[in-house]
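J.: mmCIF, C-alpha atoms, saved as coords10.cif, coming up:
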data_data
loop_
_atom_site.label_atom_id
_atom_site.label_comp_id
_atom_site.auth_asym_id
_atom_site.auth_seq_id
_atom_site.Cartn_x
_atom_site.Cartn_y
_atom_site.Cartn_z
CA MET A 1 3.90 -18.40 -19.71
CA HIS A 2 2.78 -14.80 -20.09
CA SER A 3 -0.63 -13.25 -19.75
CA SER A 4 -0.32 -11.37 -23.02
CA ASP A 5 -4.02 -10.65 -23.61
CA PRO A 6 -5.03 -7.43 -21.86
CA GLY A 7 -7.64 -7.96 -19.18
CA THR A 8 -7.17 -11.70 -18.73
CA ILE A 9 -9.08 -13.16 -15.79
CA HIS A 10 -7.37 -16.08 -14.07
CA ILE A 11 -9.73 -18.32 -12.11
CA VAL A 12 -7.84 -20.64 -9.80
CA GLY A 13 -9.92 -23.74 -9.05
CA ALA A 14 -12.46 -25.55 -11.24
CA GLY A 15 -14.84 -26.48 -8.43
CA LEU A 16 -18.41 -25.27 -8.58
CA ALA A 17 -17.52 -21.74 -7.40
CA GLY A 18 -14.81 -21.38 -10.05
CA LEU A 19 -17.04 -22.80 -12.78
CA ALA A 20 -19.85 -20.45 -11.75
CA ALA A 21 -17.52 -17.44 -11.95
CA ALA A 22 -16.38 -18.48 -15.41
CA VAL A 23 -19.95 -19.06 -16.61
CA GLN A 24 -20.92 -15.60 -15.38
CA LEU A 25 -17.95 -14.04 -17.18
CA ALA A 26 -18.26 -15.99 -20.44
CA PRO A 27 -20.61 -13.53 -22.22
CA SER A 28 -18.24 -10.62 -21.49
CA ARG A 29 -15.76 -11.86 -24.12
CA ARG A 30 -12.87 -11.04 -21.83
CA PRO A 31 -10.10 -13.64 -21.91
CA VAL A 32 -10.69 -16.14 -19.09
CA VAL A 33 -8.40 -19.01 -18.07
CA ILE A 34 -9.24 -21.58 -15.41
CA HIS A 35 -6.36 -23.29 -13.61
CA GLU A 36 -7.15 -26.59 -11.88
CA ALA A 37 -4.64 -28.54 -9.79
CA THR A 38 -6.27 -31.93 -10.40
CA ALA A 39 -7.16 -33.78 -13.59
CA GLN A 40 -10.90 -33.05 -13.44
CA ALA A 41 -13.37 -30.25 -12.75
CA GLY A 42 -16.06 -30.16 -10.09
CA GLY A 43 -14.21 -30.25 -6.78
CA ARG A 44 -16.59 -31.73 -4.18
CA CYS A 45 -19.39 -31.57 -6.75
CA ARG A 46 -18.32 -34.50 -8.88
CA SER A 47 -19.12 -38.01 -10.05
CA TYR A 48 -16.67 -40.86 -10.55
CA TYR A 49 -16.58 -44.55 -11.40
CA ASP A 50 -16.35 -46.71 -8.29
CA GLN A 51 -14.71 -50.13 -8.64
CA ALA A 52 -16.34 -51.60 -5.51
CA THR A 53 -19.90 -51.08 -6.75
CA GLY A 54 -19.23 -51.12 -10.47
CA MET A 55 -21.14 -47.92 -11.05
CA THR A 56 -20.69 -44.18 -11.29
CA ILE A 57 -21.46 -42.48 -7.98
CA ASP A 58 -21.38 -38.94 -6.63
CA ASN A 59 -18.95 -38.03 -3.88
CA GLY A 60 -22.04 -36.92 -1.96
CA THR A 61 -25.77 -36.54 -2.54
CA HIS A 62 -26.25 -32.79 -2.84
CA LEU A 63 -29.78 -31.47 -2.57
CA VAL A 64 -31.06 -28.38 -4.39
CA LEU A 65 -34.24 -26.54 -3.43
CA SER A 66 -36.44 -24.76 -5.95
CA GLY A 67 -35.63 -21.49 -4.16
CA ASN A 68 -31.91 -21.84 -4.89
CA THR A 69 -32.05 -19.19 -7.59
CA SER A 70 -28.31 -19.00 -8.26
CA VAL A 71 -27.98 -22.74 -8.87
CA LEU A 72 -31.02 -22.74 -11.15
CA SER A 73 -29.67 -19.75 -13.08
CA PHE A 74 -26.31 -21.50 -13.48
CA LEU A 75 -27.92 -24.68 -14.80
CA GLU A 76 -30.24 -22.76 -17.12
CA THR A 77 -27.26 -20.95 -18.60
CA VAL A 78 -25.33 -24.16 -19.29
CA GLY A 79 -28.48 -25.91 -20.53
CA SER A 80 -28.89 -28.66 -17.95
CA GLU A 81 -31.70 -27.44 -15.67
CA SER A 82 -33.86 -30.38 -16.78
CA GLY A 83 -31.38 -32.70 -15.05
CA LEU A 84 -32.79 -31.70 -11.67
CA GLN A 85 -35.85 -33.75 -10.80
CA GLY A 86 -38.24 -33.63 -7.89
CA PRO A 87 -41.87 -33.79 -6.80
CA ALA A 88 -44.49 -31.47 -8.25
CA GLU A 89 -44.97 -29.80 -4.87
CA ALA A 90 -42.82 -29.18 -1.81
CA GLU A 91 -43.02 -32.40 0.17
CA PHE A 92 -40.65 -34.21 2.49
CA SER A 93 -41.24 -37.81 3.60
CA PHE A 94 -40.10 -38.91 7.07
CA ALA A 95 -39.93 -42.17 9.01
CA ASP A 96 -39.20 -42.68 12.71
CA LEU A 97 -37.29 -45.91 13.29
CA ALA A 98 -38.08 -45.86 17.02
CA THR A 99 -41.86 -45.48 16.75
CA GLN A 100 -42.40 -46.85 13.20
CA GLU A 101 -44.36 -43.70 12.36
CA ARG A 102 -44.31 -42.25 8.84
CA TRP A 103 -45.52 -38.90 7.60
CA THR A 104 -45.09 -36.47 4.74
CA LEU A 105 -44.61 -32.76 5.30
CA ARG A 106 -46.42 -30.86 2.52
CA ILE A 107 -45.66 -27.16 2.35
CA GLY A 108 -48.22 -24.96 0.60
CA GLU A 109 -47.17 -22.89 -2.40
CA GLY A 110 -47.92 -19.42 -1.01
CA ARG A 111 -45.92 -17.36 1.47
CA ILE A 112 -48.77 -17.43 3.99
CA PRO A 113 -48.31 -20.82 5.70
CA TRP A 114 -51.87 -22.08 5.42
CA TRP A 115 -50.46 -25.64 5.40
CA ILE A 116 -49.81 -25.56 9.16
CA PHE A 117 -53.60 -25.40 9.68
CA ASP A 118 -53.96 -28.80 7.98
CA LYS A 119 -53.15 -31.81 10.18
CA ALA A 120 -52.54 -33.92 7.09
CA ARG A 121 -49.79 -31.57 5.86
CA ARG A 122 -47.93 -30.57 9.02
CA VAL A 123 -45.75 -32.52 11.44
CA PRO A 124 -47.74 -35.12 13.43
CA GLN A 125 -48.64 -34.25 17.01
CA THR A 126 -48.15 -30.52 16.47
CA GLY A 127 -50.43 -27.52 16.81
CA LEU A 128 -50.31 -24.02 15.38
CA ALA A 129 -48.48 -22.57 18.38
CA ASP A 130 -45.60 -25.00 17.86
CA TYR A 131 -44.60 -23.15 14.67
CA LEU A 132 -44.36 -19.65 16.17
CA PRO A 133 -40.62 -19.95 17.04
CA LEU A 134 -39.89 -20.20 13.31
CA ALA A 135 -41.38 -16.74 12.78
CA ARG A 136 -39.37 -15.30 15.68
CA LEU A 137 -36.18 -16.76 14.24
CA LEU A 138 -36.59 -14.69 11.09
CA TYR A 139 -36.28 -11.42 12.99
CA MET A 140 -33.27 -12.13 15.21
CA SER A 141 -30.33 -9.69 15.05
CA ALA A 142 -26.96 -10.66 16.55
CA ASP A 143 -25.52 -14.02 15.53
CA ARG A 144 -25.75 -16.49 18.40
CA ARG A 145 -26.15 -20.21 18.79
CA LEU A 146 -29.55 -21.37 17.71
CA GLU A 147 -30.29 -22.75 21.18
CA GLU A 148 -29.84 -19.22 22.56
CA VAL A 149 -32.59 -17.72 20.42
CA MET A 150 -35.20 -20.49 20.37
CA GLU A 151 -36.14 -23.64 22.23
CA CYS A 152 -34.56 -26.58 20.44
CA ALA A 153 -37.06 -29.16 21.57
CA GLY A 154 -40.53 -30.45 20.75
CA PRO A 155 -41.95 -32.24 17.72
CA VAL A 156 -41.59 -29.36 15.22
CA TYR A 157 -37.92 -29.03 16.05
CA GLU A 158 -37.15 -32.75 16.32
CA ARG A 159 -39.25 -33.91 13.37
CA MET A 160 -38.82 -31.07 10.90
CA LEU A 161 -36.46 -28.22 11.71
CA ALA A 162 -33.52 -30.21 13.13
CA PRO A 163 -33.29 -32.70 10.22
CA LEU A 164 -33.53 -29.94 7.61
CA LEU A 165 -31.02 -27.65 9.35
CA LEU A 166 -28.59 -30.48 10.06
CA ALA A 167 -28.54 -31.38 6.37
CA ALA A 168 -27.99 -27.78 5.28
CA LEU A 169 -25.62 -26.61 8.03
CA ASN A 170 -23.70 -29.87 8.58
CA ILE A 171 -23.54 -29.29 12.32
CA GLU A 172 -25.76 -30.16 15.27
CA PRO A 173 -28.35 -27.37 14.92
CA ARG A 174 -28.35 -26.31 18.58
CA ARG A 175 -24.73 -25.14 18.19
CA ALA A 176 -25.26 -23.64 14.75
CA SER A 177 -25.24 -19.99 13.73
CA SER A 178 -28.71 -18.52 14.19
CA GLN A 179 -28.00 -16.08 11.34
CA LEU A 180 -27.29 -18.89 8.89
CA ALA A 181 -30.33 -20.82 10.12
CA ALA A 182 -32.51 -17.72 9.77
CA THR A 183 -31.29 -17.08 6.22
CA LEU A 184 -32.10 -20.65 5.25
CA ILE A 185 -35.60 -20.38 6.70
CA ARG A 186 -36.12 -16.96 5.12
CA GLU A 187 -35.13 -18.15 1.63
CA THR A 188 -37.04 -21.44 1.80
CA LEU A 189 -39.94 -21.90 4.24
CA GLY A 190 -40.37 -18.14 4.43
CA GLN A 191 -41.07 -18.04 0.69
CA GLY A 192 -43.55 -20.90 0.77
CA GLY A 193 -43.55 -24.21 -1.03
CA LYS A 194 -42.55 -22.64 -4.34
CA ALA A 195 -39.05 -22.26 -2.85
CA CYS A 196 -38.92 -25.58 -0.98
CA ARG A 197 -39.40 -28.21 -3.65
CA PRO A 198 -36.51 -30.71 -3.26
CA LEU A 199 -34.56 -31.37 -6.46
CA LEU A 200 -31.94 -34.06 -7.09
CA ALA A 201 -29.45 -34.61 -9.90
CA GLN A 202 -30.81 -38.03 -10.78
CA GLY A 203 -28.26 -38.47 -13.56
CA GLY A 204 -25.40 -37.59 -11.22
CA LEU A 205 -23.60 -34.37 -10.34
CA GLY A 206 -21.17 -34.75 -13.21
CA LYS A 207 -23.84 -34.98 -15.88
CA VAL A 208 -25.94 -32.16 -14.48
CA PHE A 209 -23.43 -29.66 -13.07
CA VAL A 210 -19.90 -30.28 -14.31
CA THR A 211 -19.88 -31.63 -17.87
CA PRO A 212 -22.46 -29.12 -19.18
CA ALA A 213 -20.55 -26.26 -17.56
CA VAL A 214 -17.24 -27.37 -19.07
CA ASP A 215 -18.88 -27.76 -22.49
CA TYR A 216 -20.47 -24.32 -22.20
CA LEU A 217 -17.18 -22.69 -21.25
CA GLN A 218 -15.28 -24.39 -24.06
CA SER A 219 -17.92 -23.23 -26.53
CA HIS A 220 -17.12 -19.69 -25.38
CA GLY A 221 -13.39 -20.18 -25.86
CA ILE A 222 -12.61 -20.48 -22.15
CA GLN A 223 -9.71 -22.81 -21.49
CA ILE A 224 -9.35 -25.08 -18.45
CA ARG A 225 -5.75 -25.99 -17.71
CA PHE A 226 -5.85 -29.19 -15.72
CA GLU A 227 -3.00 -30.33 -13.46
CA ASP A 228 -1.85 -26.73 -13.27
CA GLU A 229 -1.49 -26.08 -9.55
CA LEU A 230 -0.98 -22.58 -8.21
CA GLN A 231 2.08 -22.67 -5.98
CA GLY A 232 2.64 -19.02 -5.19
CA ILE A 233 1.31 -15.47 -5.60
CA ARG A 234 3.35 -12.29 -5.63
CA PHE A 235 1.73 -9.07 -4.46
CA LEU A 236 3.04 -5.55 -4.91
CA GLY A 237 1.26 -2.68 -3.26
CA LYS A 238 -2.47 -3.08 -3.85
CA ARG A 239 -2.21 -5.59 -6.68
CA ALA A 240 -1.39 -9.21 -7.39
CA VAL A 241 1.39 -9.03 -9.96
CA GLN A 242 2.46 -12.62 -10.54
CA LEU A 243 1.08 -16.17 -10.34
CA GLU A 244 3.43 -19.14 -10.04
CA PHE A 245 1.97 -22.35 -11.46
CA THR A 246 3.50 -25.78 -11.92
CA SER A 247 3.43 -24.97 -15.64
CA GLY A 248 5.37 -21.74 -15.20
CA VAL A 249 5.22 -18.13 -14.03
CA THR A 250 2.42 -15.84 -15.22
CA PRO A 251 3.04 -12.09 -14.84
CA LEU A 252 -0.20 -10.17 -14.44
CA GLY A 253 -0.86 -7.18 -16.66
CA ARG A 254 -2.37 -3.93 -15.46
CA HIS A 255 -5.91 -5.02 -16.39
CA ASP A 256 -5.60 -8.67 -15.38
CA ALA A 257 -7.55 -10.06 -12.43
CA VAL A 258 -7.53 -13.19 -10.27
CA ILE A 259 -10.40 -15.12 -8.71
CA LEU A 260 -9.10 -17.55 -6.11
CA ALA A 261 -11.73 -20.31 -5.89
CA LEU A 262 -9.94 -22.82 -3.68
CA PRO A 263 -10.85 -24.52 -0.38
CA PRO A 264 -9.93 -22.44 2.69
CA HIS A 265 -6.88 -24.47 3.69
CA ALA A 266 -5.42 -24.14 0.18
CA ALA A 267 -6.23 -20.43 0.03
CA LYS A 268 -4.57 -19.84 3.42
CA LYS A 269 -1.47 -21.70 2.32
CA LEU A 270 -1.08 -19.33 -0.62
CA VAL A 271 -2.14 -16.16 1.24
CA PRO A 272 -1.56 -16.66 4.98
CA SER A 273 -3.07 -13.26 5.87
CA LEU A 274 -6.51 -14.20 4.55
CA PRO A 275 -9.20 -14.62 7.21
CA ALA A 276 -10.84 -18.04 6.96
CA PRO A 277 -12.72 -20.60 9.03
CA THR A 278 -10.48 -22.85 11.10
CA GLN A 279 -12.90 -25.60 12.11
CA PHE A 280 -14.63 -28.07 9.84
CA ARG A 281 -17.22 -30.83 9.87
CA GLY A 282 -17.34 -34.15 8.08
CA ILE A 283 -19.97 -35.97 6.07
CA VAL A 284 -20.46 -39.70 5.49
CA ASN A 285 -22.15 -40.93 2.32
CA ALA A 286 -23.02 -44.54 1.58
CA HIS A 287 -23.96 -46.00 -1.80
CA PHE A 288 -25.67 -49.35 -2.37
CA ARG A 289 -26.02 -50.86 -5.83
CA ILE A 290 -29.65 -51.91 -5.94
CA ASP A 291 -32.83 -50.68 -7.60
CA PRO A 292 -34.96 -48.80 -5.06
CA PRO A 293 -38.51 -50.11 -4.57
CA THR A 294 -41.15 -48.43 -6.72
CA ALA A 295 -42.99 -47.09 -3.68
CA MET A 296 -39.86 -45.66 -2.06
CA PRO A 297 -39.76 -41.83 -2.02
CA ALA A 298 -36.84 -40.24 -3.82
CA MET A 299 -35.83 -38.66 -0.51
CA LEU A 300 -36.65 -40.00 2.95
CA GLY A 301 -35.74 -38.30 6.23
CA VAL A 302 -34.92 -40.74 9.04
CA ILE A 303 -35.58 -39.96 12.70
CA ASN A 304 -33.84 -41.95 15.48
CA GLY A 305 -31.47 -43.76 13.13
CA THR A 306 -27.84 -43.62 12.06
CA SER A 307 -29.06 -42.76 8.57
CA GLU A 308 -30.37 -39.21 8.26
CA TRP A 309 -31.48 -39.00 4.63
CA ILE A 310 -31.98 -41.95 2.28
CA PHE A 311 -32.22 -41.31 -1.44
CA GLY A 312 -33.75 -43.63 -4.01
CA LEU A 313 -31.76 -42.96 -7.19
CA GLU A 314 -31.49 -44.69 -10.53
CA GLY A 315 -29.90 -48.09 -9.89
CA ARG A 316 -28.79 -47.27 -6.36
CA ILE A 317 -29.77 -46.17 -2.88
CA ALA A 318 -27.67 -43.51 -1.17
CA VAL A 319 -27.44 -42.45 2.47
CA THR A 320 -26.17 -39.12 3.78
CA ILE A 321 -25.10 -38.48 7.39
CA SER A 322 -24.08 -34.94 8.37
CA ASP A 323 -21.73 -33.81 11.16
CA ALA A 324 -20.51 -37.41 11.11
CA GLU A 325 -17.14 -37.38 12.87
CA ARG A 326 -18.46 -40.00 15.30
CA LEU A 327 -18.53 -42.50 12.42
CA PHE A 328 -15.10 -41.86 10.92
CA ASP A 329 -13.31 -44.50 12.98
CA GLU A 330 -15.99 -47.17 12.63
CA PRO A 331 -14.91 -50.01 10.30
CA ARG A 332 -16.44 -49.45 6.90
CA PRO A 333 -18.01 -52.95 6.56
CA ALA A 334 -19.71 -52.61 9.95
CA LEU A 335 -21.07 -49.19 9.04
CA ALA A 336 -22.35 -50.46 5.69
CA GLU A 337 -24.12 -53.35 7.44
CA ARG A 338 -25.70 -51.01 9.98
CA LEU A 339 -26.98 -48.60 7.37
CA TRP A 340 -28.27 -51.39 5.17
CA LYS A 341 -30.28 -52.86 8.07
CA GLU A 342 -32.01 -49.49 8.45
CA ILE A 343 -32.75 -49.36 4.73
CA VAL A 344 -34.19 -52.89 4.89
CA ALA A 345 -36.39 -51.93 7.84
CA LEU A 346 -37.73 -48.91 5.97
CA THR A 347 -38.12 -50.39 2.49
CA GLY A 348 -38.69 -54.14 2.89
CA LEU A 349 -35.77 -54.95 0.60
CA PRO A 350 -33.99 -58.33 1.08
CA PRO A 351 -31.47 -58.36 3.97
CA ALA A 352 -28.53 -59.51 1.84
CA LEU A 353 -26.03 -56.66 1.61
CA PRO A 354 -25.62 -55.48 -2.01
CA PRO A 355 -22.38 -54.02 -3.42
CA TRP A 356 -21.62 -50.89 -1.40
CA GLN A 357 -19.25 -48.01 -0.94
CA ILE A 358 -18.69 -45.66 2.00
CA VAL A 359 -17.34 -42.16 1.25
CA ARG A 360 -16.09 -40.12 4.21
CA GLU A 361 -15.06 -36.47 3.93
CA ARG A 362 -13.45 -35.10 7.08
CA ARG A 363 -13.35 -31.46 5.96
CA ALA A 364 -16.54 -31.36 3.93
CA THR A 365 -17.69 -27.93 5.17
CA PHE A 366 -16.66 -25.24 7.60
CA ALA A 367 -18.24 -25.54 11.03
CA ALA A 368 -21.37 -23.37 10.81
CA THR A 369 -21.09 -21.87 14.30
CA PRO A 370 -21.38 -18.14 15.05
CA GLU A 371 -17.65 -17.98 15.77
CA GLN A 372 -16.64 -19.66 12.48
CA ASN A 373 -19.23 -17.75 10.49
CA ALA A 374 -17.57 -14.53 11.69
CA LEU A 375 -14.24 -15.67 10.19
CA ARG A 376 -15.57 -15.96 6.64
CA PRO A 377 -13.97 -13.34 4.35
CA PRO A 378 -15.81 -11.24 1.77
CA ALA A 379 -15.13 -11.70 -1.92
CA GLU A 380 -13.16 -8.45 -1.95
CA THR A 381 -9.61 -8.49 -0.61
CA ALA A 382 -6.93 -5.93 0.20
CA TRP A 383 -5.75 -6.18 -3.43
CA HIS A 384 -7.74 -4.43 -6.17
CA ASN A 385 -7.42 -7.24 -8.75
CA PHE A 386 -7.66 -10.24 -6.42
CA PHE A 387 -11.01 -11.76 -5.40
CA LEU A 388 -12.24 -14.82 -3.52
CA ALA A 389 -14.93 -17.40 -4.29
CA GLY A 390 -16.04 -20.51 -2.48
CA ASP A 391 -18.83 -21.69 -0.21
CA TRP A 392 -16.62 -20.84 2.79
CA THR A 393 -16.57 -17.12 1.96
CA ALA A 394 -19.11 -14.65 3.36
CA THR A 395 -22.11 -15.58 1.22
CA GLY A 396 -24.62 -15.38 4.07
CA LEU A 397 -25.39 -19.05 3.47
CA PRO A 398 -23.88 -22.25 4.86
CA ALA A 399 -21.59 -24.36 2.68
CA THR A 400 -24.11 -25.48 0.07
CA LEU A 401 -24.25 -25.68 -3.72
CA GLU A 402 -26.23 -22.45 -3.69
CA GLY A 403 -23.55 -20.77 -1.59
CA ALA A 404 -20.79 -21.96 -3.93
CA VAL A 405 -22.53 -20.72 -7.08
CA ARG A 406 -23.53 -17.45 -5.43
CA SER A 407 -19.91 -16.83 -4.43
CA GLY A 408 -18.70 -17.43 -7.98
CA PHE A 409 -21.29 -15.04 -9.39
CA ARG A 410 -20.34 -12.42 -6.81
CA ALA A 411 -16.62 -12.63 -7.60
CA ALA A 412 -17.31 -12.40 -11.33
CA ASP A 413 -19.50 -9.32 -10.84
CA LEU A 414 -16.75 -7.66 -8.78
CA VAL A 415 -14.20 -8.35 -11.51
CA ALA A 416 -16.51 -6.83 -14.10
CA HIS A 417 -17.15 -3.79 -11.89
CA ALA A 418 -13.41 -3.29 -11.29
CA ALA A 419 -12.85 -3.33 -15.06
CA ARG A 420 -15.53 -0.67 -15.61
CA VAL A 421 -14.05 1.52 -12.90
CA ALA A 422 -10.56 1.19 -14.40
CA ALA A 423 -11.90 2.11 -17.84
#
Let me see the structure of the file written as structure tokens.
T.:
Amino acid sequence: MHSSDPGTIHIVGAGLAGLAAAVQLAPSRRPVVIHEATAQAGGRCRSYYDQATGMTIDNGTHLVLSGNTSVLSFLETVGSESGLQGPAEAEFSFADLATQERWTLRIGEGRIPWWIFDKARRVPQTGLADYLPLARLLYMSADRRLEEVMECAGPVYERMLAPLLLAALNIEPRRASSQLAATLIRETLGQGGKACRPLLAQGGLGKVFVTPAVDYLQSHGIQIRFEDELQGIRFLGKRAVQLEFTSGVTPLGRHDAVILALPPHAAKKLVPSLPAPTQFRGIVNAHFRIDPPTAMPAMLGVINGTSEWIFGLEGRIAVTISDAERLFDEPRPALAERLWKEIVALTGLPPALPPWQIVRERRATFAATPEQNALRPPAETAWHNFFLAGDWTATGLPATLEGAVRSGFRAADLVAHAARVAA
């Protein structure tokens, strides 16, 4: 197979980062080809039919915030932004299994945090002074563990900051990168409630993110070659000159470019000299086939439980547990029973266990520590026509949907810039 069209852009990987890069490049009318090793697009952002529950489930419940501008731009472009649904204002419901307390955090729209002056909107048993460490976090410099730059204790930390950071960083927040934590706070709470409204793909990740993107790309003449695994790359001087796929060898022309949008372990296998994170964290997701109660919030944070976030979705209830290596060796039926008991205690649903599925991902995200954050490579590489994309690259964000899309946009912009420079 030859890359006969001048200026062909080869995107390797049809996960969210690769799809985002292709969507960004589609209006340019340059020839773009996506190569995907598996039989479907989406990567970790996907939906599939599960035999055990008899329903279509997501591999994980991914949350979007209204301040995730790259994700919203991506969905607007492919025409599926209406698939994200959430409350009219920024609110997060919590329940403490140990004390039986319940509360809802309601973040005001403006950037000035007037909401912390209202006892009905802020974390229970907190005062204004309890929120000052959040402001200090925004102005830290060197990347250190979060526990080194602020006190990781008290009701604001335990009942608001820790649950939110754990979900976004996928690591126990005390050990997390303070730079990544600060960026999250700056782009969400720091912008006010307008940037913090939680949004969920109620119809599933596939219907909202993947299928519309694939349809959009096909309408622009962009081909996705499934089951076309990249097995080798040849470099010469400052350029990538050849790609070796299962389908054949593709020589790269003088104006061709490559965006490698693969997970870090796959990227390192192809290009051993690439810097990349070496430590990872797992996530456990549970799915129960049952209609959530009418009064159940779409998203419920759980304090002092095994469950961390419980989602009431159409026809099912889902549970997400971050940094969950401690649960990987627990028998799946026992874990399902334990999680269901917590759901019953919080919702009043019948105790009989409904059809369920447990999904465990051992390498869901890179470990968001200062040391691992420092290993993340930029989108640019030592080769002028070879770029990287993926939530593990140096986006400034943890491994989130927003980070993945932002990385794809960045790689696409660099390809476009390189073409202008060459011209």
J.: For a cut-off of 10 Å around (-38.0, -24.9, 19.6), file coordinates, pick out all residues using only C-alpha atoms and list them as a PDB file with C-alpha atoms, in the coordinates of the input.
T.:
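The resulting file, point-v5.pdb, is shown below:
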ATOM      1  CA  ASP A 130     -45.600 -25.000  17.860  1.00  0.00           C
ATOM      2  CA  TYR A 131     -44.600 -23.150  14.670  1.00  0.00           C
ATOM      3  CA  LEU A 132     -44.360 -19.650  16.170  1.00  0.00           C
ATOM      4  CA  PRO A 133     -40.620 -19.950  17.040  1.00  0.00           C
ATOM      5  CA  LEU A 134     -39.890 -20.200  13.310  1.00  0.00           C
ATOM      6  CA  LEU A 137     -36.180 -16.760  14.240  1.00  0.00           C
ATOM      7  CA  LEU A 146     -29.550 -21.370  17.710  1.00  0.00           C
ATOM      8  CA  GLU A 147     -30.290 -22.750  21.180  1.00  0.00           C
ATOM      9  CA  VAL A 149     -32.590 -17.720  20.420  1.00  0.00           C
ATOM     10  CA  MET A 150     -35.200 -20.490  20.370  1.00  0.00           C
ATOM     11  CA  GLU A 151     -36.140 -23.640  22.230  1.00  0.00           C
ATOM     12  CA  CYS A 152     -34.560 -26.580  20.440  1.00  0.00           C
ATOM     13  CA  ALA A 153     -37.060 -29.160  21.570  1.00  0.00           C
ATOM     14  CA  GLY A 154     -40.530 -30.450  20.750  1.00  0.00           C
ATOM     15  CA  PRO A 155     -41.950 -32.240  17.720  1.00  0.00           C
ATOM     16  CA  VAL A 156     -41.590 -29.360  15.220  1.00  0.00           C
ATOM     17  CA  TYR A 157     -37.920 -29.030  16.050  1.00  0.00           C
ATOM     18  CA  GLU A 158     -37.150 -32.750  16.320  1.00  0.00           C
ATOM     19  CA  LEU A 161     -36.460 -28.220  11.710  1.00  0.00           C
ATOM     20  CA  ALA A 162     -33.520 -30.210  13.130  1.00  0.00           C
ATOM     21  CA  ARG A 174     -28.350 -26.310  18.580  1.00  0.00           C
TER      22      ARG A 174
END
J.: Find the residue from A:Gly42, A:Gly403, A:Pro297, A:Pro198 that sits nearest to Ser66 (chain A); use all atoms listed in the file when measuring.
T.: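 Using all atoms listed in the file, Ser66 (chain A) sits closest to A:Pro198.
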J.: Please enumerate the residues selected by the PyMOL selection byres ((chain A and resi 206-209) around 6) when evaluated against the supplied file, formatted as a count of residues only.
T.: 8
J.: The residues within 12 Å of (-22.1, -21.5, 10.8), using only C-alpha atoms and the coordinates of the file, should be reported as a VMD selection string; which are they?
T.: chain A and resid 143 to 146 165 to 166 168 to 184 277 to 281 365 to 376 391 to 400
J.: In Å to one decimal, how far is CA of Phe288 (chain A) from CA of Thr53 (chain A)?
T.: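 Here the two named atoms are 7.4 Å from each other.
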J.: Between CA of Ala324 (chain A) and CA of Gln357 (chain A), what distance in Å does the model show, to one decimal?
T.: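 The value is 16.1 Å.
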J.: Translate the PyMOL selection byres ((chain A and resi 308) around 8) into a concrete residue list for this structure, as an mmCIF file with C-alpha atoms, keeping the file's coordinate frame.
T.:
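Wrote it out as selection.cif, contents follow:
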data_model
loop_
_atom_site.group_PDB
_atom_site.id
_atom_site.type_symbol
_atom_site.label_atom_id
_atom_site.label_comp_id
_atom_site.auth_asym_id
_atom_site.auth_seq_id
_atom_site.Cartn_x
_atom_site.Cartn_y
_atom_site.Cartn_z
ATOM 1 C CA PRO A 163 -33.290 -32.700 10.220
ATOM 2 C CA GLY A 301 -35.740 -38.300 6.230
ATOM 3 C CA VAL A 302 -34.920 -40.740 9.040
ATOM 4 C CA ILE A 303 -35.580 -39.960 12.700
ATOM 5 C CA GLY A 305 -31.470 -43.760 13.130
ATOM 6 C CA THR A 306 -27.840 -43.620 12.060
ATOM 7 C CA SER A 307 -29.060 -42.760 8.570
ATOM 8 C CA TRP A 309 -31.480 -39.000 4.630
ATOM 9 C CA ILE A 310 -31.980 -41.950 2.280
ATOM 10 C CA VAL A 319 -27.440 -42.450 2.470
ATOM 11 C CA THR A 320 -26.170 -39.120 3.780
ATOM 12 C CA ILE A 321 -25.100 -38.480 7.390
ATOM 13 C CA SER A 322 -24.080 -34.940 8.370
#
J.: Run the PyMOL selection byres ((chain A and resi 199) around 9) on the file and write out the hits as a PyMOL selection string.
T.: chain A and resi 63-66+84-87+197-198+200-202
